[in-house]
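Shown below: model_17.txt, with compact mmCIF, C-alpha atoms.
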```txt
# COMPACT_ATOMS: atom_id res chain seq x y z
CA MET A 10 2.19 2.75 22.35
CA GLN A 11 -0.22 1.65 19.62
CA LEU A 12 1.35 1.29 16.18
CA THR A 13 0.23 0.43 12.66
CA ASP A 14 2.13 -1.15 9.77
CA THR A 15 0.42 0.08 6.61
CA HIS A 16 2.53 -1.95 4.18
CA CYS A 17 3.79 -5.46 4.87
CA HIS A 18 4.05 -8.33 2.38
CA LEU A 19 3.13 -10.88 5.01
CA ASP A 20 1.94 -13.32 2.34
CA PHE A 21 5.48 -13.74 0.94
CA ASN A 22 7.10 -17.14 1.38
CA LYS A 23 9.82 -15.62 3.57
CA PHE A 24 7.20 -15.73 6.34
CA ASP A 25 5.95 -19.26 5.67
CA GLU A 26 7.90 -20.90 8.48
CA ASP A 27 6.96 -18.50 11.28
CA ARG A 28 4.07 -16.30 10.14
CA ALA A 29 2.05 -16.88 13.32
CA ALA A 30 5.08 -15.96 15.45
CA VAL A 31 5.65 -12.81 13.36
CA ILE A 32 2.06 -11.74 14.00
CA GLN A 33 2.41 -12.43 17.73
CA ARG A 34 5.63 -10.40 17.90
CA ALA A 35 3.81 -7.55 16.18
CA ILE A 36 1.04 -7.69 18.78
CA ASP A 37 3.62 -7.77 21.58
CA ALA A 38 5.27 -4.68 20.04
CA GLY A 39 1.98 -2.76 20.22
CA LEU A 40 0.70 -3.11 16.66
CA THR A 41 -3.05 -3.09 16.16
CA ARG A 42 -3.29 -3.20 12.34
CA ILE A 43 -1.20 -4.62 9.46
CA LEU A 44 -2.05 -3.99 5.81
CA ILE A 45 -0.97 -6.58 3.23
CA PRO A 46 -0.67 -5.11 -0.29
CA SER A 47 -0.77 -7.18 -3.48
CA LEU A 48 1.38 -7.41 -6.59
CA THR A 49 -0.69 -9.57 -8.95
CA LEU A 50 -4.16 -11.02 -9.29
CA ASP A 51 -3.02 -14.26 -7.64
CA SER A 52 -1.34 -12.43 -4.76
CA SER A 53 -4.51 -10.37 -4.33
CA LEU A 54 -6.36 -13.58 -3.58
CA ALA A 55 -3.61 -14.70 -1.20
CA ALA A 56 -3.56 -11.36 0.62
CA VAL A 57 -7.32 -11.37 1.15
CA LYS A 58 -7.30 -14.95 2.34
CA LEU A 59 -4.52 -14.18 4.81
CA ALA A 60 -6.31 -11.03 6.01
CA GLU A 61 -9.39 -13.12 6.71
CA SER A 62 -7.36 -15.36 9.02
CA HIS A 63 -6.68 -12.74 11.73
CA PRO A 64 -8.57 -9.69 13.06
CA MET A 65 -5.57 -7.34 12.87
CA LEU A 66 -4.85 -8.09 9.19
CA PHE A 67 -6.27 -6.22 6.18
CA ALA A 68 -5.52 -6.33 2.46
CA GLY A 69 -5.03 -4.25 -0.62
CA VAL A 70 -5.67 -5.75 -4.06
CA GLY A 71 -4.18 -4.79 -7.40
CA VAL A 72 -1.38 -5.23 -9.91
CA HIS A 73 2.10 -3.80 -9.31
CA PRO A 74 3.73 -1.89 -12.22
CA THR A 75 6.57 -4.42 -12.51
CA ASP A 76 3.87 -7.06 -13.09
CA ALA A 77 2.03 -4.95 -15.65
CA LYS A 78 2.45 -7.58 -18.35
CA THR A 79 0.21 -9.95 -16.36
CA TRP A 80 -2.71 -7.57 -16.94
CA ASN A 81 -5.26 -8.66 -19.53
CA ASP A 82 -8.85 -7.90 -20.53
CA LYS A 83 -10.21 -9.91 -17.59
CA THR A 84 -7.96 -8.61 -14.80
CA ARG A 85 -10.04 -5.61 -13.78
CA LYS A 86 -13.19 -7.72 -13.81
CA GLU A 87 -11.57 -10.36 -11.60
CA LEU A 88 -10.25 -7.76 -9.16
CA LYS A 89 -13.74 -6.34 -8.88
CA ARG A 90 -15.12 -9.81 -8.15
CA ILE A 91 -12.62 -10.21 -5.32
CA ILE A 92 -13.47 -6.78 -3.90
CA PHE A 93 -17.23 -7.37 -3.92
CA SER A 94 -17.09 -10.91 -2.55
CA SER A 95 -17.66 -11.96 1.01
CA SER A 96 -14.74 -14.41 1.07
CA VAL A 97 -12.28 -16.25 -1.13
CA THR A 98 -11.69 -19.96 -0.66
CA LEU A 99 -8.55 -21.88 -1.50
CA SER A 100 -10.36 -23.90 -4.18
CA GLU A 101 -11.53 -20.65 -5.76
CA ALA A 102 -7.96 -19.35 -5.73
CA LYS A 103 -6.79 -22.48 -7.55
CA SER A 104 -9.60 -22.06 -10.06
CA LEU A 105 -8.50 -18.49 -10.75
CA THR A 106 -4.89 -19.61 -11.15
CA ASN A 107 -6.08 -22.05 -13.81
CA ASN A 108 -7.63 -19.07 -15.63
CA GLU A 109 -10.50 -21.06 -17.11
CA GLY A 110 -12.61 -18.44 -18.81
CA ASP A 111 -15.30 -16.39 -17.10
CA SER A 112 -15.85 -19.15 -14.55
CA SER A 113 -12.36 -18.58 -13.15
CA LEU A 114 -13.57 -17.16 -9.84
CA HIS A 115 -16.85 -18.37 -8.38
CA VAL A 116 -17.35 -16.44 -5.18
CA LYS A 117 -20.55 -15.71 -3.40
CA PRO A 118 -21.55 -12.13 -4.28
CA VAL A 119 -22.71 -9.72 -1.63
CA ALA A 120 -24.90 -6.67 -1.95
CA GLN A 121 -23.92 -4.21 -4.67
CA ASN A 122 -21.27 -1.75 -3.49
CA ASP A 123 -20.71 -3.84 -0.35
CA VAL A 124 -16.93 -4.25 -0.34
CA ASN A 125 -15.35 -7.17 1.48
CA LYS A 126 -14.51 -5.52 4.81
CA LYS A 127 -11.03 -7.02 4.82
CA ILE A 128 -10.14 -5.12 1.63
CA VAL A 129 -9.26 -1.52 2.46
CA ALA A 130 -7.25 -0.35 -0.56
CA ILE A 131 -6.33 -0.80 -4.21
CA GLY A 132 -2.63 -1.49 -4.37
CA GLU A 133 0.20 -1.76 -4.66
CA ILE A 134 -0.13 0.09 -7.98
CA GLY A 135 1.83 2.86 -9.65
CA LEU A 136 4.90 3.41 -11.85
CA ASP A 137 8.33 1.77 -11.76
CA TYR A 138 10.95 3.08 -14.18
CA TYR A 139 13.82 1.41 -12.31
CA TRP A 140 13.41 -2.24 -13.34
CA ASP A 141 12.25 -1.71 -16.92
CA ALA A 142 9.87 -4.67 -16.51
CA ALA A 143 7.08 -3.11 -18.59
CA PRO A 144 6.89 -0.17 -21.02
CA PRO A 145 5.97 3.15 -19.35
CA ASP A 146 2.89 3.57 -21.53
CA LEU A 147 1.58 0.17 -20.44
CA GLN A 148 2.25 1.00 -16.79
CA LYS A 149 0.42 4.31 -17.09
CA SER A 150 -2.56 2.72 -18.83
CA ILE A 151 -2.93 0.03 -16.15
CA LEU A 152 -2.49 2.59 -13.37
CA LYS A 153 -5.35 4.65 -14.81
CA GLU A 154 -7.58 1.57 -15.02
CA GLN A 155 -6.90 0.75 -11.37
CA LEU A 156 -7.54 4.34 -10.30
CA GLU A 157 -10.92 4.06 -12.02
CA LEU A 158 -11.54 0.83 -10.10
CA ALA A 159 -10.62 2.57 -6.84
CA GLU A 160 -13.05 5.37 -7.63
CA GLU A 161 -15.80 2.87 -8.40
CA CYS A 162 -15.20 0.94 -5.16
CA LEU A 163 -14.47 4.02 -3.01
CA LEU A 164 -11.17 2.51 -1.93
CA PRO A 165 -7.95 4.54 -1.45
CA VAL A 166 -4.87 3.61 -3.44
CA ILE A 167 -1.39 2.48 -2.39
CA ILE A 168 1.01 4.08 -4.88
CA HIS A 169 4.43 2.70 -5.80
CA LEU A 170 6.92 5.10 -7.40
CA ARG A 171 10.50 4.22 -8.31
CA GLU A 172 12.62 6.31 -10.64
CA LYS A 173 15.29 5.19 -13.08
CA ASP A 174 18.61 4.86 -11.22
CA ASP A 175 16.70 5.55 -7.98
CA ALA A 176 16.80 9.28 -8.69
CA GLU A 177 14.98 11.55 -6.27
CA GLN A 178 13.10 13.27 -9.10
CA GLY A 179 12.54 12.22 -12.70
CA ALA A 180 10.09 11.15 -15.38
CA GLY A 181 8.35 8.73 -13.02
CA ALA A 182 7.33 11.45 -10.58
CA SER A 183 6.30 13.77 -13.41
CA ASP A 184 4.15 11.11 -15.07
CA LEU A 185 2.68 9.93 -11.77
CA MET A 186 1.71 13.37 -10.50
CA GLU A 187 0.12 14.28 -13.83
CA ILE A 188 -2.06 11.17 -13.58
CA LEU A 189 -2.88 11.63 -9.89
CA GLU A 190 -3.72 15.32 -10.31
CA ALA A 191 -6.16 14.53 -13.12
CA TRP A 192 -7.73 11.74 -11.04
CA ALA A 193 -8.00 13.87 -7.91
CA SER A 194 -9.61 16.65 -9.93
CA LYS A 195 -12.16 14.18 -11.27
CA LEU A 196 -12.91 12.98 -7.72
CA ARG A 197 -13.49 16.57 -6.58
CA ARG A 198 -15.74 17.39 -9.53
CA GLY A 199 -17.81 14.31 -8.83
CA LYS A 200 -17.92 15.13 -5.10
CA SER A 201 -16.52 11.69 -4.32
CA PRO A 202 -15.74 11.11 -0.62
CA LEU A 203 -12.49 9.55 -1.86
CA ALA A 204 -11.24 13.04 -2.72
CA GLU A 205 -10.59 13.57 1.00
CA ARG A 206 -8.58 10.35 1.37
CA PRO A 207 -7.33 9.23 -2.06
CA GLY A 208 -4.30 7.23 -0.94
CA VAL A 209 -0.64 7.06 0.04
CA LEU A 210 2.69 7.33 -1.76
CA HIS A 211 4.24 4.19 -0.37
CA SER A 212 7.87 4.04 0.87
CA PHE A 213 8.43 7.58 -0.34
CA ALA A 214 11.93 8.28 -1.68
CA GLY A 215 11.13 11.30 -3.83
CA SER A 216 11.66 15.02 -3.61
CA HIS A 217 10.10 17.52 -1.26
CA GLN A 218 8.33 19.00 -4.29
CA THR A 219 6.63 15.70 -5.15
CA ALA A 220 5.64 15.16 -1.51
CA GLU A 221 4.10 18.63 -1.34
CA GLN A 222 2.19 18.03 -4.58
CA ALA A 223 0.84 14.76 -3.22
CA ILE A 224 -0.15 16.25 0.14
CA ALA A 225 -1.96 19.07 -1.68
CA LEU A 226 -4.08 16.34 -3.27
CA ASN A 227 -4.78 14.89 0.23
CA PHE A 228 -2.38 11.95 -0.22
CA TYR A 229 -0.37 10.58 2.66
CA ILE A 230 3.36 9.88 2.57
CA GLY A 231 4.63 6.44 3.63
CA VAL A 232 7.85 6.27 5.67
CA THR A 233 9.93 3.08 5.74
CA GLY A 234 13.16 1.73 7.24
CA PRO A 235 15.65 3.64 5.05
CA VAL A 236 14.85 6.80 7.00
CA THR A 237 16.92 5.22 9.80
CA PHE A 238 19.98 4.53 7.60
CA LYS A 239 23.10 6.52 8.39
CA ASN A 240 23.52 7.76 4.81
CA ALA A 241 19.84 8.72 4.32
CA VAL A 242 20.38 12.39 5.15
CA ARG A 243 18.24 13.68 2.30
CA LYS A 244 15.35 11.33 3.16
CA ARG A 245 15.37 12.60 6.73
CA GLU A 246 15.40 16.22 5.54
CA VAL A 247 12.32 15.60 3.41
CA ILE A 248 10.42 13.75 6.16
CA ALA A 249 11.40 16.38 8.73
CA SER A 250 9.76 19.04 6.57
CA LEU A 251 6.42 17.26 6.16
CA PRO A 252 3.39 17.56 8.46
CA LEU A 253 2.98 14.61 10.81
CA ASP A 254 -0.74 14.45 10.06
CA HIS A 255 0.11 13.33 6.50
CA LEU A 256 2.60 10.58 7.39
CA LEU A 257 2.11 6.82 7.61
CA ILE A 258 4.56 4.26 8.98
CA GLU A 259 5.35 1.15 6.91
CA THR A 260 7.85 -1.69 7.09
CA ASP A 261 7.56 -2.97 3.49
CA ALA A 262 8.57 -6.25 5.12
CA PRO A 263 10.34 -8.51 4.36
CA PHE A 264 12.38 -5.71 2.76
CA LEU A 265 14.02 -2.51 4.08
CA ALA A 266 14.62 -3.50 7.70
CA PRO A 267 15.40 -0.42 9.80
CA VAL A 268 18.48 0.08 11.95
CA PRO A 269 19.36 -1.85 14.17
CA HIS A 270 18.02 -4.76 12.05
CA ARG A 271 19.37 -3.59 8.69
CA GLY A 272 20.35 -6.52 6.48
CA LYS A 273 17.95 -8.93 8.20
CA ARG A 274 14.45 -9.96 7.20
CA ASN A 275 12.12 -7.13 8.12
CA GLU A 276 8.88 -7.69 10.04
CA PRO A 277 6.05 -5.58 11.49
CA ALA A 278 7.45 -5.65 15.04
CA PHE A 279 10.28 -3.39 13.81
CA VAL A 280 7.93 -0.54 12.91
CA GLY A 281 8.63 1.16 16.25
CA HIS A 282 12.16 1.98 15.10
CA ILE A 283 10.70 4.04 12.27
CA ALA A 284 8.38 5.84 14.66
CA ASP A 285 11.35 6.61 16.91
CA LYS A 286 13.34 8.08 14.01
CA ILE A 287 10.43 10.25 12.86
CA ALA A 288 10.07 11.49 16.43
CA GLU A 289 13.77 12.31 16.54
CA ILE A 290 13.87 14.27 13.28
CA GLN A 291 10.60 16.10 13.96
CA SER A 292 11.40 16.79 17.64
CA LYS A 293 8.32 14.96 18.90
CA ARG A 294 7.68 12.18 21.37
CA PRO A 295 7.53 8.63 19.93
CA GLU A 296 4.12 8.18 21.58
CA GLU A 297 2.78 11.18 19.65
CA VAL A 298 4.18 9.88 16.37
CA ALA A 299 2.65 6.44 17.00
CA ALA A 300 -0.74 7.92 17.90
CA VAL A 301 -0.92 10.40 15.02
CA THR A 302 0.28 8.00 12.32
CA SER A 303 -2.12 5.30 13.55
CA ALA A 304 -4.97 7.84 13.44
CA ASN A 305 -3.87 8.82 9.94
CA ALA A 306 -4.02 5.17 8.86
CA ALA A 307 -7.48 4.75 10.37
CA ARG A 308 -8.67 7.86 8.55
CA LEU A 309 -7.28 6.64 5.23
CA PHE A 310 -8.12 2.94 5.34
CA ALA A 311 -11.14 2.94 7.70
CA TRP A 312 -10.15 -0.64 8.67
CA GLY A 313 -13.37 -2.22 7.49
CA ASP A 314 -15.77 0.40 8.83
```

As structure tokens, how would this structure be written, given the file I've shared?
Amino acid sequence: MQLTDTHCHLDFNKFDEDRAAVIQRAIDAGLTRILIPSLTLDSSLAAVKLAESHPMLFAGVGVHPTDAKTWNDKTRKELKRIIFSSSVTLSEAKSLTNNEGDSSLHVKPVAQNDVNKKIVAIGEIGLDYYWDAAPPDLQKSILKEQLELAEECLLPVIIHLREKDDAEQGAGASDLMEILEAWASKLRRGKSPLAERPGVLHSFAGSHQTAEQAIALNFYIGVTGPVTFKNAVRKREVIASLPLDHLLIETDAPFLAPVPHRGKRNEPAFVGHIADKIAEIQSKRPEEVAAVTSANAARLFAWGD
């Protein structure tokens, strides 16, 4: 079985002691691709650098909504420099961290519109009304800026959505879908190829209504470890009702380890448990779920092609 983990924070320090072993276990478990999303400008650099270290690794770059206050007038410009650069060195990363004016990131530019092949998405971006880390208006403004960046770079987006009190439906979903519908409409009007593969709602925990709205816009739905939890009846009902050709499998490692590893550090090798659970609730074979979700990921992220 060939599997894909489309969301793994492999750059986090929880993997510092055994990152190479984690990657090897993923390979042994049948994984062919791992996507490392970013949370800040600095982590975007780290994710790209890590992706460049191994052929199965790819990166997303962007600013997470809970880190919205790190955004400033230069952030979008610096993200664009990372996206359109052939590589990022450690000394360049330190220079960016020092934030010394416009010379903060000196990377060798490549041809215009030639995206670094290791960068396959803008994300993790979106809205988070759970943690109250940044005002909703600021989150929405930064999300819109990063959607514009995605459109400019022709990169799909990895969308984070978390409601206040972890509700299934609320203001977060309403605000998010209003923004995504306007963006998707703009992509269609402009005949952008991104309209056919705009992105994924990562680690989806929302309502069937929100999932249907997203799928109607050609978004994919990301499924993570909680679908395997005993008390996640509603999550399984939603995932059971969705078409397999719009699902992606994610670990969100080091978080959300699936059963039978719940409570432990998550890692990409555990992604097969999620595939097995999707197969169970959709009455399909695990091999079919693995093949279709991996094809979905290849269609969305193109893996450098």

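In terms of minimum interatomic distance to Gly71 in chain A, A:Gly135 ranks closest within A:Asn22, A:Leu40, A:Ala182, A:Gly135, counting only C-alpha atoms.
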
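A straight line drawn from CA of Phe93 in chain A to CA of Ser212 in chain A is 28.0 Å long.
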
* Name the closest residue to Ile168 in chain A among the candidates A:His73, A:Lys273, A:Lys200, A:Lys239; distances are taken between atoms, counting only C-alpha atoms. => A:His73

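For the choices A:Asp82, A:Asp285, A:Glu154, A:Asp141, the atom-to-atom distance to Ile258 in chain A is smallest for A:Asp285 when using all atoms listed in the file.
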
* Please determine the residues with any atom at most 12 Å from (8.7, 21.3, -4.2) (coordinates as given in the file, with all atoms listed in the file counting) and report them as a PyMOL selection string. => chain A and resi 177-178+182+215-225+247+250-251

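CA of Trp312 in chain A to CA of Ser47 in chain A spans 16.7 Å [interatomic distance, one decimal].
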
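For the point (17.3, -0.6, 13.2), the residues with an atom at a distance of at most 12 Å are Thr233, Gly234, Pro235, Val236, Thr237, Phe238, Lys239, Thr260, Leu265, Ala266, Pro267, Val268, Pro269, His270, Arg271, Gly272, Lys273, Arg274, Asn275, Glu276, Ala278, Phe279, Val280, Gly281, His282, Ile283, Ala284, Asp285 and Lys286 of chain A, counting only C-alpha atoms.
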
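Rounded to one decimal, CA of Leu54 in chain A and CA of Pro165 in chain A lie 18.3 Å from each other.
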
Write out as a PDB file with C-alpha atoms, in the coordinates of the input each polymer residue whose atoms come within 12 Å of Asn227 in chain A, counting all atoms listed in the file; drop sequence neighbours fewer than 3 positions from it.
```pdb
ATOM      1  CA  PRO A 165      -7.950   4.540  -1.450  1.00  0.00           C
ATOM      2  CA  VAL A 166      -4.870   3.610  -3.440  1.00  0.00           C
ATOM      3  CA  LEU A 189      -2.880  11.630  -9.890  1.00  0.00           C
ATOM      4  CA  GLU A 190      -3.720  15.320 -10.310  1.00  0.00           C
ATOM      5  CA  ALA A 193      -8.000  13.870  -7.910  1.00  0.00           C
ATOM      6  CA  SER A 194      -9.610  16.650  -9.930  1.00  0.00           C
ATOM      7  CA  LEU A 196     -12.910  12.980  -7.720  1.00  0.00           C
ATOM      8  CA  ARG A 197     -13.490  16.570  -6.580  1.00  0.00           C
ATOM      9  CA  PRO A 202     -15.740  11.110  -0.620  1.00  0.00           C
ATOM     10  CA  LEU A 203     -12.490   9.550  -1.860  1.00  0.00           C
ATOM     11  CA  ALA A 204     -11.240  13.040  -2.720  1.00  0.00           C
ATOM     12  CA  GLU A 205     -10.590  13.570   1.000  1.00  0.00           C
ATOM     13  CA  ARG A 206      -8.580  10.350   1.370  1.00  0.00           C
ATOM     14  CA  PRO A 207      -7.330   9.230  -2.060  1.00  0.00           C
ATOM     15  CA  GLY A 208      -4.300   7.230  -0.940  1.00  0.00           C
ATOM     16  CA  VAL A 209      -0.640   7.060   0.040  1.00  0.00           C
ATOM     17  CA  LEU A 210       2.690   7.330  -1.760  1.00  0.00           C
ATOM     18  CA  ALA A 220       5.640  15.160  -1.510  1.00  0.00           C
ATOM     19  CA  GLU A 221       4.100  18.630  -1.340  1.00  0.00           C
ATOM     20  CA  GLN A 222       2.190  18.030  -4.580  1.00  0.00           C
ATOM     21  CA  ALA A 223       0.840  14.760  -3.220  1.00  0.00           C
ATOM     22  CA  ILE A 224      -0.150  16.250   0.140  1.00  0.00           C
ATOM     23  CA  ILE A 230       3.360   9.880   2.570  1.00  0.00           C
ATOM     24  CA  PRO A 252       3.390  17.560   8.460  1.00  0.00           C
ATOM     25  CA  ASP A 254      -0.740  14.450  10.060  1.00  0.00           C
ATOM     26  CA  HIS A 255       0.110  13.330   6.500  1.00  0.00           C
ATOM     27  CA  LEU A 256       2.600  10.580   7.390  1.00  0.00           C
ATOM     28  CA  ASN A 305      -3.870   8.820   9.940  1.00  0.00           C
ATOM     29  CA  ARG A 308      -8.670   7.860   8.550  1.00  0.00           C
ATOM     30  CA  LEU A 309      -7.280   6.640   5.230  1.00  0.00           C
TER      31      LEU A 309
END
```

If I only have part of range 67-93 of chain A, can you fill in N, CA and C atoms and write it as a compact mmCIF listing (two decimals), in the coordinates of the input?
```txt
# COMPACT_ATOMS: atom_id res chain seq x y z
N PHE A 67 -5.43 -6.74 7.26
CA PHE A 67 -6.27 -6.22 6.18
C PHE A 67 -5.48 -6.27 4.89
N ALA A 68 -6.17 -6.13 3.76
CA ALA A 68 -5.52 -6.33 2.46
C ALA A 68 -5.79 -5.20 1.49
N GLY A 69 -4.83 -5.05 0.58
CA GLY A 69 -5.03 -4.25 -0.62
C GLY A 69 -4.95 -5.18 -1.80
N VAL A 70 -5.69 -4.90 -2.87
CA VAL A 70 -5.67 -5.75 -4.06
C VAL A 70 -5.29 -4.91 -5.28
N GLY A 71 -4.57 -5.51 -6.20
CA GLY A 71 -4.18 -4.79 -7.40
C GLY A 71 -2.96 -5.40 -8.06
N VAL A 72 -2.51 -4.75 -9.13
CA VAL A 72 -1.38 -5.23 -9.91
C VAL A 72 -0.26 -4.19 -9.88
N HIS A 73 0.91 -4.63 -9.44
CA HIS A 73 2.10 -3.80 -9.31
C HIS A 73 2.63 -3.44 -10.71
N PRO A 74 3.25 -2.26 -10.88
CA PRO A 74 3.73 -1.89 -12.22
C PRO A 74 4.77 -2.84 -12.81
N THR A 75 5.59 -3.48 -11.96
CA THR A 75 6.57 -4.42 -12.51
C THR A 75 5.91 -5.72 -12.97
N ASP A 76 4.63 -5.90 -12.62
CA ASP A 76 3.87 -7.06 -13.09
C ASP A 76 2.81 -6.65 -14.11
N ALA A 77 3.03 -5.50 -14.73
CA ALA A 77 2.03 -4.95 -15.65
C ALA A 77 1.70 -5.89 -16.81
N LYS A 78 2.67 -6.69 -17.21
CA LYS A 78 2.45 -7.58 -18.35
C LYS A 78 1.51 -8.74 -18.01
N THR A 79 1.19 -8.92 -16.73
CA THR A 79 0.21 -9.95 -16.36
C THR A 79 -1.21 -9.46 -16.55
N TRP A 80 -1.38 -8.16 -16.78
CA TRP A 80 -2.71 -7.57 -16.94
C TRP A 80 -3.30 -7.99 -18.28
N ASN A 81 -4.57 -8.36 -18.27
CA ASN A 81 -5.26 -8.66 -19.53
C ASN A 81 -6.69 -8.14 -19.45
N ASP A 82 -7.49 -8.45 -20.45
CA ASP A 82 -8.85 -7.90 -20.53
C ASP A 82 -9.72 -8.31 -19.36
N LYS A 83 -9.38 -9.40 -18.67
CA LYS A 83 -10.21 -9.91 -17.59
C LYS A 83 -9.74 -9.45 -16.21
N THR A 84 -8.55 -8.87 -16.12
CA THR A 84 -7.96 -8.61 -14.80
C THR A 84 -8.81 -7.66 -13.96
N ARG A 85 -9.24 -6.57 -14.55
CA ARG A 85 -10.04 -5.61 -13.78
C ARG A 85 -11.34 -6.25 -13.30
N LYS A 86 -11.94 -7.03 -14.17
CA LYS A 86 -13.19 -7.72 -13.81
C LYS A 86 -12.95 -8.67 -12.64
N GLU A 87 -11.84 -9.41 -12.67
CA GLU A 87 -11.57 -10.36 -11.60
C GLU A 87 -11.23 -9.64 -10.28
N LEU A 88 -10.51 -8.53 -10.37
CA LEU A 88 -10.25 -7.76 -9.16
C LEU A 88 -11.54 -7.27 -8.54
N LYS A 89 -12.45 -6.83 -9.39
CA LYS A 89 -13.74 -6.34 -8.88
C LYS A 89 -14.52 -7.46 -8.22
N ARG A 90 -14.43 -8.67 -8.77
CA ARG A 90 -15.12 -9.81 -8.15
C ARG A 90 -14.55 -10.09 -6.76
N ILE A 91 -13.23 -9.99 -6.63
CA ILE A 91 -12.62 -10.21 -5.32
C ILE A 91 -13.10 -9.15 -4.33
N ILE A 92 -13.11 -7.89 -4.78
CA ILE A 92 -13.47 -6.78 -3.90
C ILE A 92 -14.90 -6.89 -3.41
N PHE A 93 -15.82 -7.31 -4.28
CA PHE A 93 -17.23 -7.37 -3.92
C PHE A 93 -17.67 -8.78 -3.57
```
